[in-house]
Amino acid sequence: MSEKRKILGLLLVLIMPVLPAFSQHDFIKKTRGGVFSLGNRTTLSTFNDGKSGNRGMGAGGQFRLQLSNRLNTEWFADYLTGNEGTLANRVDAHIGWSVMYYLAAPKDKLPLFQPYILAGHCFDYAHLEENLNKQNYAERWSSAVQAGTGMHYNLSQRFDLSATIQYMIHLGTDIHAEQQDAVVTFVKETGLSLEGHLLFNLSLNYKIIDLW
Amino acid sequence: MQAQNINGYPGLLRTSLTIAPGRLLDHGQSYIYLHGFLELFPEAHVSLRGDIYQMVTPQTAGVGLKQNTHLLYGAAIHHNKGISDLYAGLEPGISFTQTQTLPINFLPTWSVFTGYHLSVWKYFNLFAEARLLSTRYSRAPEGNIRLNELLFSAGLGFQVPLKKLCCPQF
């Protein structure tokens with residue numbers, strides 16, 4: 001077998017499992033329930049713990065499994081880094097899910113813009129650390145709930161650019177940094193607090209297959 | 001309705017490996033990267049894509065990057081007609097960055113890019129692309145180090161029309 005055919009064969013073996021899903025024929029079977037999408041996401045976190053100067057930026061991935069014509073679910077993981085005041089930094093990791101409800105019933109063809117509301121839950125890992133002293137740190141796992149609104153910009157019937165804005169409230173232990181002169185102290189607080197993150201997400205998603 | 005097959009789209013698989021200069025906008029320093037990408041067109045005007053940039057010129061002056069690798073994944077939309085293809089896209093990802101004095105750190109990254117492909121033969125194209133990449137090194141003693149970068153790539157690309165070769169379902 002020639003070298004060219006060997007290389008082509010290897011490439012095809014790597015991508016063959018997903019090729020049938022990219023058929024240009026209408027991939028919707030009966031309803032939009034069962035549509036599975038894969039996507040990436042970028043995240044901007046602002047107003048951390050009520051402080052507008054504490055911003056975080058992150059990236060991650062997600063998949064969606066649509067349950068019906070107007071109900072979709074989104075399952076995501078992302079990783080954010082940011083500052084905590086001027087002398088400390090923080091890393092946040094989220095893994096969670098949201099339920100999305102489309103405000104208008106879709107017709108046979110998806111509209112150019114498709115607004116929705118969403119709400120969900122996630123697990124949140126936070127690691128806060130003093131910039132000048134790595135030994136001075138605090139970390140915790142906690143649970144959080146998020147809710148907000150979003151919009152799909154349907155670039156094609158299978159490809160969308162989505163923008164969401166959500167507010168995330170931590171449940172359980174929350175940690176933040178307090179600075180007095182040049183001394184950094186990490187404070188852990190338990191209970192429900194209404195201060196959290198305001199999150200902006202931008203994602204690109206592709207509908208791979210209609211599972212049922 | 002089936003999408004029109006324009007010059008191998010949909011079902012076109014593209015790849016390339018080239019040299020890409022990059023300019024750190026906040027520090028006025030330039031670095032050289034090896035840039036590789038793999039791109040698949042599931043539709044005529046949409047591609048899914050992954051990129052990797054590996055820095056090959058560590059420096060000791062200025063911000064002093066010793067290691068900088070960007071792994072990016074995303075998609076692009078294309079205005080393609082005949083042999084011409086103008087495109088733009090969005091790719092987040094992760095960077096593995098180390099300076100001469102600071103340890104390696106994993107940094108969330110996002111980038112936007114635009115470019116142009118000219119198909120010169122069934123299997124080859126010439127391309128030029130510009131990318132704005134944004135990330136920052138957190139956990140530095142002085143706080144966050146901004147590493148916003150402008151990258152430029154150009155060169156010869158390789159493309160395979162899968163629809164014609166093996167996969168008529170495109």
# chains A, B, ... in the order shown; residues from 1 in each chain; ligands from 1

$ residues_around --residues "region 132-146 of chain B" --least-positions-apart "3" --cutoff "7 Å" --atoms "only C-alpha atoms" --output "MDAnalysis selection string"
(chainID A and resid 81:82 86:87 89 131:132) or (chainID B and resid 26 107:113 149:151)

$ write_last_selection --atoms "N, CA and C atoms" --output "mmCIF file, in the first residue's frame"
data_model
loop_
_atom_site.group_PDB
_atom_site.id
_atom_site.type_symbol
_atom_site.label_atom_id
_atom_site.label_comp_id
_atom_site.auth_asym_id
_atom_site.auth_seq_id
_atom_site.Cartn_x
_atom_site.Cartn_y
_atom_site.Cartn_z
ATOM 1 N N THR A 81 -9.429 31.970 35.885
ATOM 2 C CA THR A 81 -8.433 32.571 36.766
ATOM 3 C C THR A 81 -8.742 34.061 36.874
ATOM 4 N N GLY A 82 -8.375 34.637 37.992
ATOM 5 C CA GLY A 82 -8.634 36.060 38.178
ATOM 6 C C GLY A 82 -7.921 36.606 39.389
ATOM 7 N N THR A 86 -5.734 43.172 45.157
ATOM 8 C CA THR A 86 -4.479 43.484 44.468
ATOM 9 C C THR A 86 -3.331 42.575 44.894
ATOM 10 N N LEU A 87 -3.502 41.842 45.984
ATOM 11 C CA LEU A 87 -2.386 41.061 46.508
ATOM 12 C C LEU A 87 -2.622 39.558 46.432
ATOM 13 N N ASN A 89 -4.750 36.093 44.214
ATOM 14 C CA ASN A 89 -5.379 35.649 42.979
ATOM 15 C C ASN A 89 -6.267 34.461 43.295
ATOM 16 N N ASN A 131 -0.299 36.430 46.317
ATOM 17 C CA ASN A 131 0.667 36.492 45.217
ATOM 18 C C ASN A 131 2.109 36.318 45.696
ATOM 19 N N LEU A 132 2.437 36.948 46.824
ATOM 20 C CA LEU A 132 3.824 36.935 47.281
ATOM 21 C C LEU A 132 4.140 35.769 48.205
ATOM 22 N N ASP B 26 1.231 44.032 25.175
ATOM 23 C CA ASP B 26 1.429 44.803 26.411
ATOM 24 C C ASP B 26 2.901 44.967 26.771
ATOM 25 N N LEU B 107 -3.295 28.516 31.685
ATOM 26 C CA LEU B 107 -4.033 29.765 31.576
ATOM 27 C C LEU B 107 -5.204 29.633 30.611
ATOM 28 N N PRO B 108 -6.431 29.922 31.068
ATOM 29 C CA PRO B 108 -7.540 29.984 30.110
ATOM 30 C C PRO B 108 -7.273 31.073 29.075
ATOM 31 N N THR B 109 -7.626 30.807 27.850
ATOM 32 C CA THR B 109 -7.265 31.686 26.741
ATOM 33 C C THR B 109 -8.438 31.788 25.786
ATOM 34 N N TRP B 110 -8.603 32.929 25.202
ATOM 35 C CA TRP B 110 -9.557 32.998 24.100
ATOM 36 C C TRP B 110 -8.901 33.730 22.936
ATOM 37 N N SER B 111 -9.393 33.472 21.741
ATOM 38 C CA SER B 111 -8.827 34.139 20.573
ATOM 39 C C SER B 111 -9.893 34.318 19.504
ATOM 40 N N VAL B 112 -9.712 35.355 18.703
ATOM 41 C CA VAL B 112 -10.511 35.566 17.500
ATOM 42 C C VAL B 112 -9.553 35.651 16.327
ATOM 43 N N PHE B 113 -9.991 35.181 15.178
ATOM 44 C CA PHE B 113 -9.075 35.146 14.044
ATOM 45 C C PHE B 113 -9.836 35.391 12.742
ATOM 46 N N GLU B 149 -1.772 38.976 22.636
ATOM 47 C CA GLU B 149 -0.803 38.729 21.567
ATOM 48 C C GLU B 149 -1.481 38.809 20.203
ATOM 49 N N LEU B 150 -0.750 39.354 19.246
ATOM 50 C CA LEU B 150 -1.204 39.364 17.853
ATOM 51 C C LEU B 150 -0.314 38.394 17.089
ATOM 52 N N LEU B 151 -0.932 37.388 16.464
ATOM 53 C CA LEU B 151 -0.189 36.339 15.754
ATOM 54 C C LEU B 151 -0.529 36.371 14.283
#

$ residues_around --residues "region 109-116 of chain A" --least-positions-apart "3" --cutoff "8 Å" --atoms "only C-alpha atoms" --output "PyMOL selection string"
chain A and resi 100-104+106+149-155+157

$ select_by_dssp --residues "region 3-203 of chain A" --states "strand (DSSP E)" --output "PyMOL selection string"
chain A and resi 35-46+56-66+71-84+88-102+113-130+137-154+159-171+174-180+183-189+196-203

$ write_last_selection --atoms "C-alpha atoms" --output "short mmCIF file (atom, residue, chain, number, x, y, z; two decimals), in the first residue's frame"
data_model
loop_
_atom_site.label_atom_id
_atom_site.label_comp_id
_atom_site.auth_asym_id
_atom_site.auth_seq_id
_atom_site.Cartn_x
_atom_site.Cartn_y
_atom_site.Cartn_z
CA VAL A 35 -30.49 16.57 19.44
CA PHE A 36 -26.95 16.31 20.84
CA SER A 37 -24.54 19.25 20.46
CA LEU A 38 -20.91 19.78 21.34
CA GLY A 39 -19.38 23.16 21.99
CA ASN A 40 -16.75 25.33 23.57
CA ARG A 41 -17.22 28.26 25.90
CA THR A 42 -15.42 31.35 27.08
CA THR A 43 -16.42 32.87 30.41
CA LEU A 44 -16.02 36.30 31.91
CA SER A 45 -16.79 36.61 35.62
CA THR A 46 -17.40 40.03 37.14
CA GLY A 56 -12.03 36.32 36.16
CA MET A 57 -11.61 34.93 32.68
CA GLY A 58 -11.97 31.33 31.69
CA ALA A 59 -12.46 28.72 29.02
CA GLY A 60 -14.16 25.37 28.92
CA GLY A 61 -16.41 22.98 27.06
CA GLN A 62 -19.99 21.86 27.06
CA PHE A 63 -22.50 19.55 25.48
CA ARG A 64 -26.25 19.93 25.06
CA LEU A 65 -28.96 17.31 25.00
CA GLN A 66 -32.30 18.69 23.90
CA LEU A 71 -36.57 22.40 26.43
CA ASN A 72 -32.81 21.91 26.24
CA THR A 73 -30.13 20.94 28.76
CA GLU A 74 -26.54 22.14 28.84
CA TRP A 75 -23.74 20.32 30.69
CA PHE A 76 -20.52 22.28 31.13
CA ALA A 77 -17.10 22.52 32.70
CA ASP A 78 -14.94 25.60 32.79
CA TYR A 79 -11.77 26.90 34.39
CA LEU A 80 -11.32 30.54 35.36
CA THR A 81 -8.43 32.57 36.77
CA GLY A 82 -8.63 36.06 38.18
CA ASN A 83 -7.50 38.50 40.80
CA GLU A 84 -8.75 38.74 44.36
CA ALA A 88 -4.08 37.70 45.88
CA ASN A 89 -5.38 35.65 42.98
CA ARG A 90 -8.04 33.00 42.57
CA VAL A 91 -8.75 30.00 40.41
CA ASP A 92 -12.32 28.74 39.98
CA ALA A 93 -13.47 25.55 38.35
CA HIS A 94 -17.13 24.92 37.60
CA ILE A 95 -18.79 21.70 36.59
CA GLY A 96 -22.53 21.79 36.25
CA TRP A 97 -25.72 21.80 34.23
CA SER A 98 -28.49 24.15 33.19
CA VAL A 99 -31.99 23.72 31.83
CA MET A 100 -32.85 26.06 28.95
CA TYR A 101 -36.37 27.05 27.95
CA TYR A 102 -36.94 28.64 24.54
CA PHE A 113 -32.07 34.58 16.80
CA GLN A 114 -33.50 32.29 19.44
CA PRO A 115 -33.82 33.70 22.98
CA TYR A 116 -34.09 31.53 26.07
CA ILE A 117 -34.02 31.58 29.82
CA LEU A 118 -31.92 29.15 31.81
CA ALA A 119 -31.33 27.99 35.35
CA GLY A 120 -29.20 25.31 36.86
CA HIS A 121 -26.72 24.10 39.38
CA CYS A 122 -22.99 23.53 39.54
CA PHE A 123 -20.17 22.42 41.77
CA ASP A 124 -17.56 25.11 42.29
CA TYR A 125 -13.94 24.65 43.33
CA ALA A 126 -12.12 27.82 44.41
CA HIS A 127 -8.44 28.23 45.27
CA LEU A 128 -7.30 31.61 46.60
CA GLU A 129 -3.64 32.37 47.09
CA GLU A 130 -1.52 35.34 48.13
CA TYR A 137 -3.91 30.05 50.57
CA ALA A 138 -7.44 28.79 51.06
CA GLU A 139 -9.54 26.41 48.99
CA ARG A 140 -12.97 24.88 49.09
CA TRP A 141 -15.55 22.90 47.14
CA SER A 142 -19.06 24.23 47.25
CA SER A 143 -22.37 24.08 45.47
CA ALA A 144 -23.90 26.97 43.53
CA VAL A 145 -27.04 27.81 41.59
CA GLN A 146 -27.16 30.01 38.52
CA ALA A 147 -29.93 31.59 36.48
CA GLY A 148 -30.12 34.01 33.61
CA THR A 149 -30.98 34.57 30.01
CA GLY A 150 -29.35 33.91 26.68
CA MET A 151 -29.62 34.02 22.92
CA HIS A 152 -28.66 31.59 20.15
CA TYR A 153 -27.42 33.21 16.97
CA ASN A 154 -28.12 30.34 14.55
CA PHE A 159 -24.20 25.70 14.17
CA ASP A 160 -24.92 28.40 16.72
CA LEU A 161 -23.10 31.15 18.54
CA SER A 162 -24.68 31.53 21.99
CA ALA A 163 -24.35 34.34 24.49
CA THR A 164 -25.64 34.08 28.04
CA ILE A 165 -25.63 36.21 31.13
CA GLN A 166 -26.18 34.48 34.46
CA TYR A 167 -25.90 35.22 38.13
CA MET A 168 -24.35 32.48 40.23
CA ILE A 169 -25.03 32.26 43.98
CA HIS A 170 -22.88 30.10 46.19
CA LEU A 171 -24.43 27.70 48.68
CA ASP A 174 -17.65 30.85 50.56
CA ILE A 175 -14.13 32.21 50.83
CA HIS A 176 -12.73 35.61 50.02
CA ALA A 177 -9.61 37.61 50.75
CA GLU A 178 -9.35 40.58 53.08
CA GLN A 179 -6.42 42.96 52.94
CA GLN A 180 -5.23 45.15 55.79
CA VAL A 183 -1.44 41.58 55.04
CA VAL A 184 -3.74 39.14 53.27
CA THR A 185 -6.18 37.01 55.25
CA PHE A 186 -8.58 34.46 53.79
CA VAL A 187 -12.02 34.35 55.39
CA LYS A 188 -14.37 31.37 55.17
CA GLU A 189 -18.06 32.02 55.61
CA GLY A 196 -21.70 35.72 43.87
CA HIS A 197 -20.48 36.04 40.30
CA LEU A 198 -22.07 37.69 37.33
CA LEU A 199 -21.06 35.44 34.46
CA PHE A 200 -20.99 36.19 30.74
CA ASN A 201 -20.58 33.18 28.46
CA LEU A 202 -19.91 33.03 24.76
CA SER A 203 -20.04 29.61 23.15
#

$ closest_residue --among "A:Arg158, A:Arg55, A:Lys134, A:Arg32" --to "Asp108 (chain A)" --atoms "only C-alpha atoms"
A:Arg32

$ atom_distance --atom1 "CA of Leu12 (chain B)" --atom2 "CA of Leu72 (chain B)"
20.0 Å

$ closest_residue --among "A:Lys29, A:Asn133, A:Arg70, A:Trp212" --to "chain B" --atoms "only C-alpha atoms"
A:Asn133

$ residues_around --residues "Gly36 (chain B)" --least-positions-apart "6" --cutoff "7 Å" --atoms "only C-alpha atoms" --output "VMD selection string"
chain B and resid 16 to 18 51 to 53

$ write_last_selection --atoms "C-alpha atoms" --output "compact mmCIF listing (two decimals), in the first residue's frame"
# COMPACT_ATOMS: atom_id res chain seq x y z
CA SER B 16 -1.09 22.97 7.72
CA LEU B 17 2.11 23.49 9.69
CA THR B 18 3.81 26.85 9.42
CA ASP B 51 -4.98 24.97 16.54
CA ILE B 52 -1.70 24.58 18.35
CA TYR B 53 1.02 27.24 18.71

$ residues_around --residues "Asn125 (chain B)" --least-positions-apart "2" --cutoff "10 Å" --atoms "only C-alpha atoms" --output "PyMOL selection string"
chain B and resi 14-16+83-84+116-123+127+155-159
